[in-house]
$ cat data.txt   # compact mmCIF, C-alpha atoms
# COMPACT_ATOMS: atom_id res chain seq x y z
CA MET X 4 16.02 -11.39 -3.91
CA HIS X 5 18.83 -8.85 -4.19
CA LYS X 6 18.03 -5.56 -2.52
CA LEU X 7 19.93 -2.67 -4.06
CA ASN X 8 20.85 0.47 -2.11
CA ARG X 9 19.48 -0.57 1.23
CA TYR X 10 19.33 2.34 3.67
CA GLU X 11 19.28 1.74 7.41
CA THR X 12 18.17 4.46 9.80
CA ARG X 13 17.28 4.39 13.47
CA VAL X 14 13.74 3.14 12.80
CA PHE X 15 13.47 2.32 9.07
CA THR X 16 15.03 0.03 6.51
CA THR X 17 14.36 1.36 3.01
CA TRP X 18 15.15 0.08 -0.46
CA VAL X 19 13.81 -0.03 -4.03
CA GLU X 20 13.02 -3.24 -5.80
CA GLY X 21 11.20 -3.61 -9.14
CA ARG X 22 10.03 0.02 -9.29
CA VAL X 23 8.50 -0.19 -5.81
CA CYS X 24 10.00 1.48 -2.76
CA TYR X 25 9.92 -0.59 0.43
CA THR X 26 10.12 0.85 3.93
CA GLU X 27 10.11 -1.44 6.93
CA VAL X 28 9.59 -0.11 10.43
CA LYS X 29 12.04 -1.75 12.82
CA ASN X 30 10.78 -3.69 15.82
CA LYS X 31 9.29 -1.62 18.69
CA SER X 32 10.12 1.67 16.97
CA ASP X 33 8.87 5.04 18.15
CA ILE X 34 8.84 7.20 15.02
CA GLU X 35 9.65 10.86 15.55
CA ILE X 36 9.61 13.77 13.11
CA ARG X 37 13.37 13.55 12.45
CA ASP X 38 12.93 9.88 11.47
CA ALA X 39 10.08 10.80 9.13
CA ARG X 40 12.12 13.56 7.46
CA GLU X 41 15.13 11.27 7.10
CA ASN X 42 12.92 8.65 5.50
CA THR X 43 11.50 11.16 3.02
CA GLU X 44 15.02 12.17 1.99
CA ILE X 45 15.99 8.55 1.41
CA VAL X 46 12.82 7.81 -0.59
CA ARG X 47 13.54 10.91 -2.74
CA LYS X 48 17.11 9.71 -3.36
CA LEU X 49 15.89 6.24 -4.27
CA SER X 50 13.07 7.33 -6.54
CA THR X 51 15.48 9.71 -8.35
CA THR X 52 13.51 11.57 -11.01
CA GLU X 53 9.95 10.21 -10.89
CA ASN X 54 7.49 9.44 -8.11
CA ILE X 55 7.15 5.73 -7.36
CA PRO X 56 4.74 3.73 -5.17
CA ILE X 57 5.78 2.78 -1.65
CA LEU X 58 5.03 -0.21 0.54
CA VAL X 59 5.31 0.68 4.22
CA ASP X 60 5.56 -2.23 6.61
CA LEU X 61 4.06 -0.98 9.88
CA ARG X 62 3.68 -4.37 11.50
CA LYS X 63 6.38 -3.90 14.16
CA ILE X 64 5.71 -0.23 14.93
CA LYS X 65 5.28 0.86 18.54
CA SER X 66 4.27 4.50 18.13
CA ILE X 67 4.43 7.52 15.84
CA SER X 68 4.36 11.18 16.89
CA LYS X 69 1.77 13.70 15.67
CA GLU X 70 4.47 15.68 13.80
CA ALA X 71 5.65 12.54 12.02
CA ARG X 72 2.07 11.63 11.06
CA ASP X 73 1.51 15.13 9.70
CA HIS X 74 4.76 14.88 7.74
CA PHE X 75 3.71 11.56 6.19
CA SER X 76 0.29 12.99 5.30
CA MET X 77 2.26 15.18 2.84
CA ARG X 78 -0.28 18.02 2.87
CA ASP X 79 2.27 20.82 2.79
CA ARG X 80 4.90 19.32 0.53
CA MET X 81 5.48 17.47 -2.73
CA PRO X 82 4.65 13.82 -2.07
CA GLY X 83 7.73 12.14 -3.63
CA VAL X 84 5.64 8.96 -3.96
CA ASN X 85 2.48 8.34 -5.99
CA ALA X 86 0.75 5.69 -3.85
CA ILE X 87 1.11 4.16 -0.40
CA ALA X 88 0.28 0.61 0.66
CA MET X 89 0.58 0.01 4.38
CA LEU X 90 1.13 -3.45 5.78
CA ILE X 91 -0.60 -3.96 9.11
CA ASN X 92 -1.50 -6.94 11.22
CA SER X 93 -0.55 -6.17 14.80
CA PRO X 94 -3.16 -4.32 16.92
CA VAL X 95 -1.00 -1.18 17.16
CA SER X 96 -0.22 -1.11 13.42
CA LYS X 97 -3.95 -1.49 12.66
CA ILE X 98 -4.75 1.59 14.73
CA ILE X 99 -1.89 3.67 13.30
CA GLY X 100 -2.71 2.56 9.75
CA ASN X 101 -6.30 3.64 10.18
CA PHE X 102 -5.17 7.10 11.30
CA PHE X 103 -3.50 7.38 7.90
CA LEU X 104 -6.80 6.54 6.21
CA GLY X 105 -8.72 9.19 8.13
CA LEU X 106 -7.23 11.92 10.30
CA ASN X 107 -3.73 11.95 8.74
CA LYS X 108 -4.79 11.00 5.23
CA PRO X 109 -1.88 11.36 2.81
CA SER X 110 -2.36 13.36 -0.37
CA VAL X 111 -1.78 10.28 -2.59
CA PRO X 112 -3.90 7.06 -2.81
CA THR X 113 -3.40 5.04 0.38
CA GLN X 114 -4.61 1.56 1.33
CA LEU X 115 -4.11 -0.83 4.24
CA PHE X 116 -3.25 -4.49 3.71
CA THR X 117 -2.54 -7.52 5.85
CA SER X 118 -1.02 -9.39 2.91
CA LYS X 119 2.21 -8.18 1.31
CA GLN X 120 1.29 -9.88 -1.96
CA LYS X 121 -2.06 -8.09 -2.22
CA ALA X 122 -0.39 -4.80 -1.32
CA LEU X 123 2.12 -5.20 -4.14
CA LEU X 124 -0.62 -6.19 -6.59
CA TRP X 125 -2.54 -3.03 -5.72
CA LEU X 126 0.54 -0.80 -6.04
CA LYS X 127 1.41 -2.34 -9.41
CA SER X 128 -2.17 -1.99 -10.63
CA LEU X 129 -1.81 1.78 -10.18
CA ASP X 130 1.38 1.95 -12.25
CA MET W 3 -7.84 -44.64 46.84
CA LYS W 4 -5.22 -45.03 44.14
CA LYS W 5 -7.93 -44.67 41.49
CA ASP W 6 -9.08 -41.42 43.08
CA LEU W 7 -5.50 -40.10 43.16
CA LYS W 8 -5.06 -40.95 39.49
CA GLU W 9 -8.22 -39.06 38.57
CA ILE W 10 -7.11 -36.00 40.56
CA TYR W 11 -3.70 -36.18 38.91
CA GLN W 12 -5.24 -36.44 35.42
CA GLN W 13 -7.47 -33.43 36.06
CA LEU W 14 -4.55 -31.39 37.39
CA CYS W 15 -2.46 -32.24 34.33
CA SER W 16 -5.25 -31.30 31.92
CA VAL W 17 -5.51 -27.88 33.58
CA SER W 18 -1.75 -27.23 33.82
CA GLY W 19 -1.03 -28.69 30.39
CA SER W 20 1.54 -31.18 31.76
CA LYS W 21 2.11 -34.58 30.19
CA LEU W 22 0.73 -37.55 32.15
CA THR W 23 3.22 -39.93 33.69
CA LYS W 24 2.52 -43.53 34.54
CA ASN W 25 3.54 -43.44 38.18
CA VAL W 26 1.06 -41.40 40.11
CA SER W 27 2.24 -40.46 43.56
CA VAL W 28 1.45 -37.88 46.19
CA LYS W 29 4.76 -36.23 45.18
CA SER W 30 3.77 -35.88 41.49
CA ILE W 31 0.38 -34.49 42.51
CA GLY W 32 2.15 -32.00 44.78
CA ALA W 33 4.40 -30.95 41.89
CA GLU W 34 1.40 -30.38 39.67
CA ILE W 35 -0.33 -28.32 42.35
CA THR W 36 2.84 -26.17 42.73
CA LYS W 37 3.00 -25.74 38.94
CA LEU W 38 -0.66 -24.72 38.83
CA GLU W 39 -0.14 -22.28 41.68
CA LYS W 40 2.71 -20.64 39.75
CA GLN W 41 0.57 -20.44 36.61
CA LEU W 42 -2.29 -18.98 38.59
CA ASN W 43 -0.01 -16.36 40.15
CA LYS W 44 1.36 -15.43 36.75
CA HIS W 45 -2.20 -15.02 35.38
CA ARG W 46 -3.15 -12.97 38.40
CA GLN W 47 -0.17 -10.72 37.81
CA ILE W 48 -1.04 -10.28 34.13
CA GLN W 49 -4.64 -9.56 35.05
CA GLU W 50 -3.64 -7.03 37.70
CA ASN W 51 -1.25 -5.41 35.25
CA ASN W 52 -3.99 -5.24 32.59
CA VAL W 53 -6.42 -3.67 35.05
CA LYS W 54 -3.74 -1.05 35.83
CA ARG W 55 -3.24 -0.37 32.10
CA ILE W 56 -7.01 -0.10 31.50
CA ASN W 57 -7.37 2.28 34.46
CA GLN W 58 -4.54 4.38 33.11
CA ILE W 59 -6.19 4.54 29.66
CA LEU W 60 -9.48 5.54 31.33
CA GLU W 61 -7.67 8.32 33.19
CA VAL W 62 -6.33 9.65 29.89
CA VAL W 63 -9.86 9.54 28.38
CA ILE W 64 -11.15 11.50 31.41
CA SER W 65 -8.32 14.04 30.99
CA LEU W 66 -9.22 14.46 27.32
CA ALA W 67 -12.85 15.00 28.27
CA ASN W 68 -11.59 17.81 30.51
CA LEU W 69 -9.55 19.18 27.57
CA ASN W 70 -6.33 18.34 29.36
CA TYR W 71 -3.91 16.98 26.79
CA THR W 72 -0.82 16.60 28.96
CA THR W 73 -1.41 13.02 30.11
CA LYS W 74 -0.56 10.18 27.77
CA ALA W 75 -1.47 6.51 28.04
CA TYR W 76 1.45 4.12 28.54
CA VAL W 77 2.23 1.98 25.48
CA SER W 78 4.21 -1.16 26.35
CA SER W 79 6.20 -3.19 23.85
CA LYS W 80 3.71 -6.07 23.92
CA ASN W 81 1.92 -4.79 20.82
CA ASP W 82 -1.35 -6.19 22.20
CA TYR W 83 -4.89 -4.78 22.11
CA LEU W 84 -4.35 -2.62 25.18
CA ASP W 85 -1.28 -1.06 23.51
CA ALA W 86 -3.40 -0.45 20.41
CA LEU W 87 -6.08 1.18 22.55
CA ALA W 88 -3.49 3.31 24.36
CA SER W 89 -1.89 4.35 21.04
CA GLY W 90 -5.28 5.23 19.58
CA ILE W 91 -6.24 7.33 22.60
CA ASN W 92 -2.86 9.12 22.58
CA MET W 93 -3.14 9.91 18.87
CA LEU W 94 -6.76 11.07 19.19
CA GLY W 95 -5.67 13.34 22.05
CA GLU W 96 -2.93 14.84 19.88
CA GLU W 97 -5.36 15.43 17.01
CA LEU W 98 -7.95 16.91 19.39
CA GLN W 99 -5.34 19.23 20.90
CA SER W 100 -4.18 20.34 17.47
CA SER W 101 -7.73 21.03 16.24
CA THR W 102 -8.64 22.83 19.47
CA VAL W 103 -5.55 25.03 19.13
CA SER W 104 -6.31 25.84 15.49
CA LEU W 105 -9.96 26.49 16.35
CA HIS W 106 -8.89 28.89 19.10
CA GLU W 107 -6.50 30.63 16.69
CA LYS W 108 -9.31 31.00 14.15
CA GLU W 109 -11.63 32.43 16.81
CA ILE W 110 -9.03 35.04 17.77
CA LEU W 111 -8.49 35.88 14.10
CA LEU W 112 -12.22 36.22 13.46
CA LYS W 113 -12.61 38.46 16.51
CA GLU W 114 -9.78 40.59 15.20
CA VAL W 115 -11.43 40.81 11.77
CA HIS W 116 -14.77 41.95 13.25
CA HIS W 117 -12.93 44.41 15.47
CA ARG W 118 -11.09 45.89 12.49
CA VAL W 119 -14.24 46.04 10.34
CA LYS W 120 -16.01 47.87 13.16
CA ASN W 121 -13.05 50.24 13.60
CA ASN W 122 -12.87 50.95 9.86
CA LEU W 123 -16.61 51.61 9.70
CA GLN W 124 -16.26 53.92 12.70
CA VAL W 125 -13.42 55.78 10.98
CA ILE W 126 -15.57 56.22 7.84
CA SER W 127 -18.46 57.44 9.95
CA SER W 128 -16.16 59.87 11.82
CA LEU W 129 -14.70 61.17 8.54
CA LEU W 130 -18.20 61.81 7.23
CA ASN W 131 -19.07 63.47 10.51
CA LEU W 132 -16.03 65.75 10.22
CA GLN W 133 -17.05 66.56 6.67
CA THR W 134 -20.48 67.70 7.86
CA GLU W 135 -18.76 70.60 9.64
CA TYR W 136 -18.07 72.08 6.22
CA ILE W 137 -21.55 71.53 4.77
CA SER W 138 -23.88 74.47 4.90
CA ASP W 139 -26.60 73.07 2.63
CA LYS W 140 -29.31 71.56 4.86
CA HIS W 141 -30.32 68.89 2.35
CA SER W 142 -26.74 67.66 1.85
CA LEU W 143 -26.16 67.67 5.59
CA GLU W 144 -29.25 65.49 6.04
CA LYS W 145 -27.96 63.00 3.45
CA PHE W 146 -24.58 62.88 5.15
CA ASN W 147 -26.19 62.18 8.52
CA GLU W 148 -28.34 59.43 6.99
CA SER W 149 -25.22 57.78 5.60
CA ILE W 150 -23.49 58.09 8.97
CA ASN W 151 -26.42 56.30 10.64
CA ARG W 152 -26.35 53.51 8.04
CA ILE W 153 -22.65 52.96 8.66
CA LYS W 154 -23.19 53.06 12.44
CA SER W 155 -25.89 50.37 12.22
CA MET W 156 -23.46 48.06 10.40
CA ALA W 157 -20.56 48.91 12.73
CA LEU W 158 -22.77 48.02 15.68
CA VAL W 159 -23.32 44.51 14.24
CA HIS W 160 -19.54 43.95 14.04
CA GLU W 161 -19.06 45.38 17.52
CA LYS W 162 -21.69 42.96 18.84
CA LEU W 163 -20.04 40.11 16.92
CA TYR W 164 -16.56 40.45 18.38
CA LYS W 165 -18.01 40.80 21.84
CA SER W 166 -20.27 37.78 21.44
CA LYS W 167 -19.30 34.27 22.56
CA ASP W 168 -20.49 32.78 19.29
CA LEU W 169 -18.58 34.77 16.70
CA SER W 170 -21.10 34.14 13.94
CA LYS W 171 -24.21 35.34 15.81
CA ILE W 172 -25.24 38.43 17.75
CA ASP W 173 -27.75 39.10 20.47
CA PHE W 174 -30.40 40.72 18.29
CA LYS W 175 -32.50 41.98 21.18
CA GLU W 176 -29.54 43.93 22.56
CA TYR W 177 -28.63 45.07 19.06
CA ILE W 178 -32.10 46.52 18.35
CA GLN W 179 -32.07 48.32 21.71
CA GLU W 180 -28.69 49.95 21.00
CA LEU W 181 -29.58 50.72 17.40
CA VAL W 182 -32.85 52.41 18.38
CA LEU W 183 -31.00 54.40 21.02
CA SER W 184 -28.38 55.48 18.49
CA VAL W 185 -30.94 56.59 15.85
CA ASN W 186 -32.98 58.27 18.55
CA SER W 187 -29.99 60.27 19.80
CA SER W 188 -29.09 61.42 16.29
CA TYR W 189 -32.61 62.78 15.54
CA ASN W 190 -34.11 63.75 18.88
CA LEU W 191 -31.14 65.95 19.81
CA GLY W 192 -31.97 65.91 23.50
CA ASN W 193 -35.54 67.23 23.42
CA GLU W 194 -37.08 63.70 23.60
CA LYS W 195 -40.41 64.75 22.07
CA VAL W 196 -40.67 61.44 20.26
CA LYS W 197 -40.66 58.36 22.48
CA THR W 198 -39.63 55.02 21.08
CA SER W 199 -40.64 51.68 22.56
CA ILE W 200 -39.36 48.24 21.65
CA GLU W 201 -41.29 45.02 21.92
CA TYR W 202 -39.14 41.97 21.40
CA LYS W 203 -41.47 38.98 21.44
CA LEU W 204 -39.06 36.17 20.52
CA ASN W 205 -37.47 33.48 22.64
CA LYS W 206 -34.58 33.39 20.21
CA ASN W 207 -32.01 36.16 20.66
CA LEU W 208 -29.10 35.01 18.51
CA PHE W 209 -29.14 35.91 14.83
CA ASP W 210 -26.44 35.56 12.19
CA LEU W 211 -24.93 38.31 10.06
CA GLU W 212 -27.10 37.50 7.04
CA THR W 213 -30.22 38.43 9.00
CA ALA W 214 -28.83 40.99 11.45
CA ILE W 215 -27.29 43.41 8.92
CA PRO W 216 -30.28 43.80 6.57
CA CYS W 217 -32.69 43.85 9.50
CA GLY W 218 -30.61 46.49 11.28
CA LEU W 219 -30.45 48.64 8.15
CA ILE W 220 -34.22 48.32 7.64
CA ILE W 221 -34.90 49.38 11.24
CA ASN W 222 -32.47 52.28 10.81
CA GLU W 223 -34.21 53.51 7.62
CA LEU W 224 -37.78 53.15 8.85
CA LEU W 225 -37.02 54.68 12.21
CA SER W 226 -35.17 57.57 10.54
CA ASN W 227 -38.21 58.13 8.31
CA CYS W 228 -40.48 58.31 11.34
CA TYR W 229 -38.24 60.92 12.96
CA LYS W 230 -37.90 62.88 9.73
CA TYR W 231 -41.46 62.90 8.40
CA ALA W 232 -44.03 61.61 10.90
CA PHE W 233 -43.88 64.45 13.40
CA PRO W 234 -43.49 67.83 11.73
CA GLN W 235 -43.14 71.10 13.67
CA GLN W 236 -41.64 69.52 16.79
CA GLN W 237 -44.78 67.50 17.29
CA GLU W 238 -44.77 64.95 20.13
CA GLY W 239 -45.23 61.33 19.23
CA LYS W 240 -44.65 57.66 19.72
CA ILE W 241 -42.79 55.06 17.67
CA GLU W 242 -43.14 51.33 18.27
CA VAL W 243 -40.63 48.78 17.08
CA CYS W 244 -41.93 45.25 17.39
CA PHE W 245 -40.17 42.03 16.45
CA SER W 246 -42.04 38.74 16.74
CA LEU W 247 -42.72 35.37 15.13
CA LYS W 248 -45.97 34.78 13.19
CA ARG W 249 -47.48 31.70 11.59
CA ARG W 250 -48.51 32.48 8.01
CA LYS W 251 -49.27 30.19 5.10
CA LYS W 252 -48.24 27.13 7.17
CA GLN W 253 -44.79 28.63 7.75
CA ASN W 254 -43.08 30.57 10.52
CA TYR W 255 -42.24 34.16 9.65
CA TYR W 256 -40.38 36.84 11.55
CA HIS W 257 -42.53 39.93 11.80
CA LEU W 258 -40.90 43.33 12.05
CA LYS W 259 -43.40 46.12 12.69
CA ILE W 260 -42.52 49.79 12.91
CA LYS W 261 -45.45 52.00 13.77
CA ASP W 262 -45.78 55.67 14.57
CA ASN W 263 -48.71 57.89 15.52
CA GLY W 264 -47.66 60.72 13.24
CA ILE W 265 -49.24 62.38 10.24
CA GLY W 266 -49.33 59.20 8.13
CA ILE W 267 -48.33 58.55 4.54
CA PRO W 268 -50.03 59.69 1.33
CA GLU W 269 -52.84 57.49 -0.03
CA ASN W 270 -51.74 54.91 -2.65
CA PHE W 271 -48.22 55.00 -1.27
CA THR W 272 -46.23 51.77 -1.71
CA VAL W 273 -42.65 51.12 -0.64
CA ASN W 274 -41.72 49.47 -3.94
CA ASN W 275 -42.57 52.65 -5.84
CA ALA W 276 -40.74 54.94 -3.42
CA THR W 277 -38.15 57.28 -4.89
CA THR W 278 -36.06 57.97 -1.78
CA LEU W 279 -32.83 56.03 -1.30
CA GLY W 280 -33.87 55.00 2.22
CA LEU W 281 -37.12 53.30 1.17
CA GLN W 282 -35.53 51.79 -1.92
CA LEU W 283 -32.97 50.28 0.43
CA VAL W 284 -35.77 48.94 2.67
CA PHE W 285 -37.45 47.35 -0.36
CA LEU W 286 -34.19 45.73 -1.58
CA LEU W 287 -33.18 44.53 1.88
CA THR W 288 -36.63 42.97 2.39
CA GLU W 289 -36.15 41.14 -0.90
CA GLN W 290 -32.72 40.02 0.29
CA LEU W 291 -34.45 38.44 3.32
CA SER W 292 -36.99 36.82 0.95
CA GLY W 293 -39.60 38.87 2.76
CA GLU W 294 -42.76 40.85 2.05
CA ILE W 295 -43.44 44.45 2.96
CA SER W 296 -46.73 46.28 3.39
CA THR W 297 -47.86 49.64 4.80
CA LYS W 298 -50.96 50.75 6.68
CA ASN W 299 -52.20 54.25 7.25
CA ILE W 300 -54.25 54.09 10.45
CA SER W 301 -53.61 56.82 13.07
CA GLY W 302 -50.09 57.15 11.72
CA THR W 303 -47.96 54.87 9.63
CA GLU W 304 -47.44 51.18 10.16
CA VAL W 305 -44.85 49.23 8.15
CA ASN W 306 -44.99 45.44 8.37
CA ILE W 307 -42.21 43.20 7.12
CA TYR W 308 -42.50 39.44 7.13
CA PHE W 309 -39.56 37.19 6.29
CA PRO W 310 -39.21 33.41 6.65
CA GLU W 311 -37.70 31.97 9.83
$ encode --input "data.txt" --output "structure tokens"
Amino acid sequence: MHKLNRYETRVFTTWVEGRVCYTEVKNKSDIEIRDARENTEIVRKLSTTENIPILVDLRKIKSISKEARDHFSMRDRMPGVNAIAMLINSPVSKIIGNFFLGLNKPSVPTQLFTSKQKALLWLKSLD
Amino acid sequence: MKKDLKEIYQQLCSVSGSKLTKNVSVKSIGAEITKLEKQLNKHRQIQENNVKRINQILEVVISLANLNYTTKAYVSSKNDYLDALASGINMLGEELQSSTVSLHEKEILLKEVHHRVKNNLQVISSLLNLQTEYISDKHSLEKFNESINRIKSMALVHEKLYKSKDLSKIDFKEYIQELVLSVNSSYNLGNEKVKTSIEYKLNKNLFDLETAIPCGLIINELLSNCYKYAFPQQQEGKIEVCFSLKRRKKQNYYHLKIKDNGIGIPENFTVNNATTLGLQLVFLLTEQLSGEISTKNISGTEVNIYFPE
């Protein structure tokens, strides 16, 4: 499928497809606050005027800093997205994903999935 | 002999995962043994490495238990369960550190608030005290001094609070002792004709603000009344302040008793019908504690207040 406006950063690949924003964490990435902020800017650019749902693929993540987790929890800022589905299946991604369900809970609906299809179905059901 | 060799060879191959070959020789068995040795060494190395990683994670857990957040568990790029465990421990440590820091900040802030409240109350009390210099009317002067004592009793609670370890509770035993001393010094004016004793019969010393402030104000009012009315014409006397726990109506109640051996109160006197501000305050504060108040007139005045534990 054609992926329009694909943005590559140090740790993320981000694009929008069919009114869903996709963000993939690159292999063995350590996500820092600057990466998180950069990602937010890109998602804002891609979503243009309205908030859209986002699918975050955490499966290849290695680590994420406390500041970056706090940034993604969106407690002190406008969310820019209206729902988050996180793809997990590796042991590390499972742990990090669960932090986003509890301690670093984002201010918009958030769910963890091991299947990309189910994640997309859930995101679209919220639209 | 050949049959035995074949069996050994087959067993070795099943363990090492090698494919069986038709020609079994001492050489092929030797090769399998070497292969198995290599595999075994590799497993040993992995196992040793995993033990090291587990020990390192345990060390981080121990550091966290000691509230030391500087050590972090090593996260390799294997993305295995030990990496997940290490990541989890590292993130929990970060969250714990952040909440401990914010808790500490809140504690400092709360201490500061209590300190400022106490200072402000002290300023008000000092201003009133200064004002008394310009009051010649005895009755007005008395009212001013009563108000000063009420403010002092509340300031003392806040002073106790910012000095206490637990910022929401004060040592009530210490508080009563200091409060009694303060009221005593404002009425006795050095001649010490009226002696006050305190009996604190509770194992529990820490009380929160909701109990300490009304209780302190009640003690202040009742004690002031004793000094003002129980011993006219510089009469000598005794006042007892007693705080204990009593079982009543299948429930535990705190019992505050203030008793003097003075001239007593008029017959048919009840606190709820009292017209003075002090006793009206006592009645309202007892209600605030969901308590009951009663008076006795035996060799002086005894006021008993019961409120639920």
$ interface_residues --input "data.txt" --of "chain X" --to "chain W" --cutoff "7 Å" --atoms "all atoms listed in the file" --output "ChimeraX atom specification"
/X:31,65-66,69,93-95,98
$ atom_distance --input "data.txt" --atom1 "atom CA of W:Lys252" --atom2 "atom CA of W:Ile200"
27.1 Å
$ residues_around --input "data.txt" --residues "W:Ile10" --least-positions-apart "3" --cutoff "12 Å" --atoms "all atoms listed in the file" --output "list in words"
Met3, Lys4, Lys5, Asp6, Leu7, Gln13, Leu14, Cys15, Ser16, Val17, Leu22, Val26, Ser27, Val28, Ser30, Ile31, Gly32, Glu34 and Ile35 of chain W
$ residues_around --input "data.txt" --residues "stretch 296-306 of chain W" --least-positions-apart "3" --cutoff "6 Å" --atoms "all atoms listed in the file" --output "ChimeraX atom specification"
/W:258-266
$ closest_residue --input "data.txt" --among "W:Val196, W:Leu204, W:Ala75, W:Ile221" --to "W:Asn151" --atoms "only C-alpha atoms"
W:Ile221
$ atom_distance --input "data.txt" --atom1 "atom CA of W:Ser188" --atom2 "atom CA of W:Leu130"
14.2 Å
$ residues_around --input "data.txt" --residues "X:Ser118" --least-positions-apart "5" --cutoff "9 Å" --atoms "all atoms listed in the file" --output "ChimeraX atom specification"
/X:90-92,123
$ atom_distance --input "data.txt" --atom1 "atom CA of W:Gln282" --atom2 "atom CA of W:Val243"
19.9 Å
$ closest_residue --input "data.txt" --among "W:Asn190, W:Lys44, W:Thr288, W:Asp210" --to "W:Phe233" --atoms "all atoms listed in the file"
W:Asn190
$ residues_near_point --input "data.txt" --point "(-41.9, 68.0, 19.4)" --cutoff "9 Å" --atoms "all atoms listed in the file" --output "count of residues only"
12
$ residues_around --input "data.txt" --residues "stretch 158-168 of chain W" --least-positions-apart "2" --cutoff "7 Å" --atoms "all atoms listed in the file" --output "JSON, numbers by chain"
{"W": [113, 116, 117, 119, 120, 154, 155, 156, 170, 171, 172, 215]}
$ residues_near_point --input "data.txt" --point "(20.7, 0.7, 4.8)" --cutoff "12 Å" --atoms "only C-alpha atoms" --output "list in words"
Lys6, Leu7, Asn8, Arg9, Tyr10, Glu11, Thr12, Arg13, Val14, Phe15, Thr16, Thr17, Trp18, Val19, Tyr25, Thr26, Glu27, Asn42, Ile45, Val46 and Leu49 of chain X
$ axis_aligned_box --input "data.txt" --around "stretch 23-29 of chain X" --padding-each-side "5 Å" --output "JSON"
{"center_x": 10.3, "center_y": -0.1, "center_z": 3.5, "size_x": 13.5, "size_y": 13.2, "size_z": 28.6}
$ residues_around --input "data.txt" --residues "stretch 72-89 of chain X" --least-positions-apart "5" --cutoff "7 Å" --atoms "only C-alpha atoms" --output "VMD selection string"
chain X and resid 39 47 54 to 61 67 100 107 to 116 122 126
$ closest_residue --input "data.txt" --among "W:Lys24, W:Arg55, W:Lys108, W:Lys74" --to "X:Ser68" --atoms "only C-alpha atoms"
W:Lys74
